[in-house]
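Below: one structure, written as structure tokens.
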Amino acid sequence: MSLESLVLDSQGFSEWIDQDRKVMRLLEQAERDGVDLAMSAATIIEVSHSDVDIARLSWLLPRIRVEPVTKESACHSAGLLKAAGLHGHEYAIDAMVAELALRLPGPVAVLTSDVDAMVELCGQRVRIIGL
């Protein structure tokens with residue numbers, strides 16, 4: 001995989017919770033390669049709904065680095081939105097995921113279902129892995 005860090009967005013984390021085969025294989029390879037798994041704390045909120053397997057979510061949380069949303073990271077996320085011409089109402093959490101990916105040691109990839117938004121927010125500095 002040749003990555004230092006892999007960031008999961010809400011769909012990536014949801015599919016890990018649901019034990020999606022493609023995601024499970026990818027994350028198993030990442031673990032073998034010593035890749036750092038990370039996600040924004042906002043992703044926990046985004047994946048939490050009445051149908052989520054809370055026990056599995058709770059079991060997975062210690063296995064991934066969860067980065068807080070700080071005033072500084074929020075301001076950087078807002079800057080990414082502005083630079084990409086996107087509105088925070090629709091893309092706020094995507095911007096937080098992108099901001100995290102852009103500040104981690106590289107090479108970095110984002111596992112996402114929103115490829116277009118991530119490309120707009122991250123440019124060519126982050127590898128985008130579509131789901």
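Residue numbering restarts at 1 in every chain; chains get A, B, ... in the order shown in the structure tokens, and ligands count up from 1 in that same order.
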List as a Markdown table every residue of stretch 33-128 of chain A that is in contact with stretch 7-18 of chain A, defined as an atom at most 12 Å from one of its atoms (using only C-alpha atoms), together with the nearest atom pair and the distance in Å rounded to one decimal, sorted by chain and then rising number.
| residue | atom | partner | partner_atom | distance |
| --- | --- | --- | --- | --- |
| A:Val35 | CA | A:Val7 | CA | 10.1 |
| A:Asp36 | CA | A:Val7 | CA | 8.4 |
| A:Leu37 | CA | A:Val7 | CA | 5.9 |
| A:Ala38 | CA | A:Val7 | CA | 4.8 |
| A:Met39 | CA | A:Leu8 | CA | 5.3 |
| A:Ser40 | CA | A:Asp9 | CA | 7.8 |
| A:Ala41 | CA | A:Asp9 | CA | 10.3 |
| A:Ala42 | CA | A:Ser10 | CA | 8.8 |
| A:Thr43 | CA | A:Ser10 | CA | 5.3 |
| A:Ile44 | CA | A:Ser10 | CA | 7.6 |
| A:Ile45 | CA | A:Ser10 | CA | 8.9 |
| A:Glu46 | CA | A:Ser10 | CA | 6.2 |
| A:Val47 | CA | A:Ser10 | CA | 5.7 |
| A:Ser48 | CA | A:Ser14 | CA | 9.1 |
| A:His49 | CA | A:Ser14 | CA | 10.7 |
| A:Asp51 | CA | A:Asp18 | CA | 10.6 |
| A:Val52 | CA | A:Ile17 | CA | 8.0 |
| A:Asp53 | CA | A:Ile17 | CA | 7.2 |
| A:Ile54 | CA | A:Ile17 | CA | 9.0 |
| A:Ala55 | CA | A:Ile17 | CA | 9.5 |
| A:Arg56 | CA | A:Ile17 | CA | 6.1 |
| A:Leu57 | CA | A:Ile17 | CA | 6.0 |
| A:Ser58 | CA | A:Ile17 | CA | 9.5 |
| A:Trp59 | CA | A:Ile17 | CA | 9.3 |
| A:Leu60 | CA | A:Ile17 | CA | 7.5 |
| A:Leu61 | CA | A:Phe13 | CA | 9.8 |
| A:Arg63 | CA | A:Trp16 | CA | 11.3 |
| A:Ile64 | CA | A:Leu8 | CA | 9.3 |
| A:Arg65 | CA | A:Val7 | CA | 9.3 |
| A:Val66 | CA | A:Val7 | CA | 9.8 |
| A:Glu67 | CA | A:Val7 | CA | 10.3 |
| A:Ile93 | CA | A:Asp9 | CA | 8.6 |
| A:Asp94 | CA | A:Asp9 | CA | 7.5 |
| A:Ala95 | CA | A:Asp9 | CA | 10.4 |
| A:Met96 | CA | A:Asp9 | CA | 9.4 |
| A:Val97 | CA | A:Asp9 | CA | 6.4 |
| A:Ala98 | CA | A:Val7 | CA | 8.7 |
| A:Glu99 | CA | A:Val7 | CA | 10.5 |
| A:Leu100 | CA | A:Val7 | CA | 7.8 |
| A:Ala101 | CA | A:Val7 | CA | 6.2 |
| A:Leu102 | CA | A:Val7 | CA | 10.0 |
| A:Arg103 | CA | A:Val7 | CA | 11.0 |
| A:Leu104 | CA | A:Val7 | CA | 9.1 |
| A:Pro105 | CA | A:Val7 | CA | 11.4 |
| A:Gly106 | CA | A:Val7 | CA | 11.3 |
| A:Pro107 | CA | A:Val7 | CA | 11.2 |
| A:Val108 | CA | A:Val7 | CA | 7.5 |
| A:Ala109 | CA | A:Val7 | CA | 6.2 |
| A:Val110 | CA | A:Val7 | CA | 4.7 |
| A:Leu111 | CA | A:Leu8 | CA | 5.0 |
| A:Thr112 | CA | A:Asp9 | CA | 5.5 |
| A:Ser113 | CA | A:Gln11 | CA | 6.0 |
| A:Asp114 | CA | A:Gln11 | CA | 8.6 |
| A:Val115 | CA | A:Asp9 | CA | 10.7 |
| A:Ala117 | CA | A:Asp9 | CA | 11.8 |
| A:Met118 | CA | A:Asp9 | CA | 9.9 |
| A:Val126 | CA | A:Val7 | CA | 10.0 |
| A:Arg127 | CA | A:Val7 | CA | 10.2 |
| A:Ile128 | CA | A:Val7 | CA | 9.7 |
Sel. of strand (DSSP E or B) residues, stretch 31-61 of chain A, as a list in words: Asp36, Leu37, Ala38, Met39 and Ser40 of chain A
If you measure from atom CA of A:Leu26 to atom CA of A:Pro62, what distance in Å do you get, rounded to one decimal? 18.3 Å
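Atom CA of A:Tyr91 to atom CA of A:Leu131 spans 17.8 Å [interatomic distance, one decimal].
When only C-alpha atoms are used to compute distances to A:Gly88, the closest of the residues A:Leu121, A:Ser50, A:Asp116, A:Lys71 turns out to be A:Leu121.
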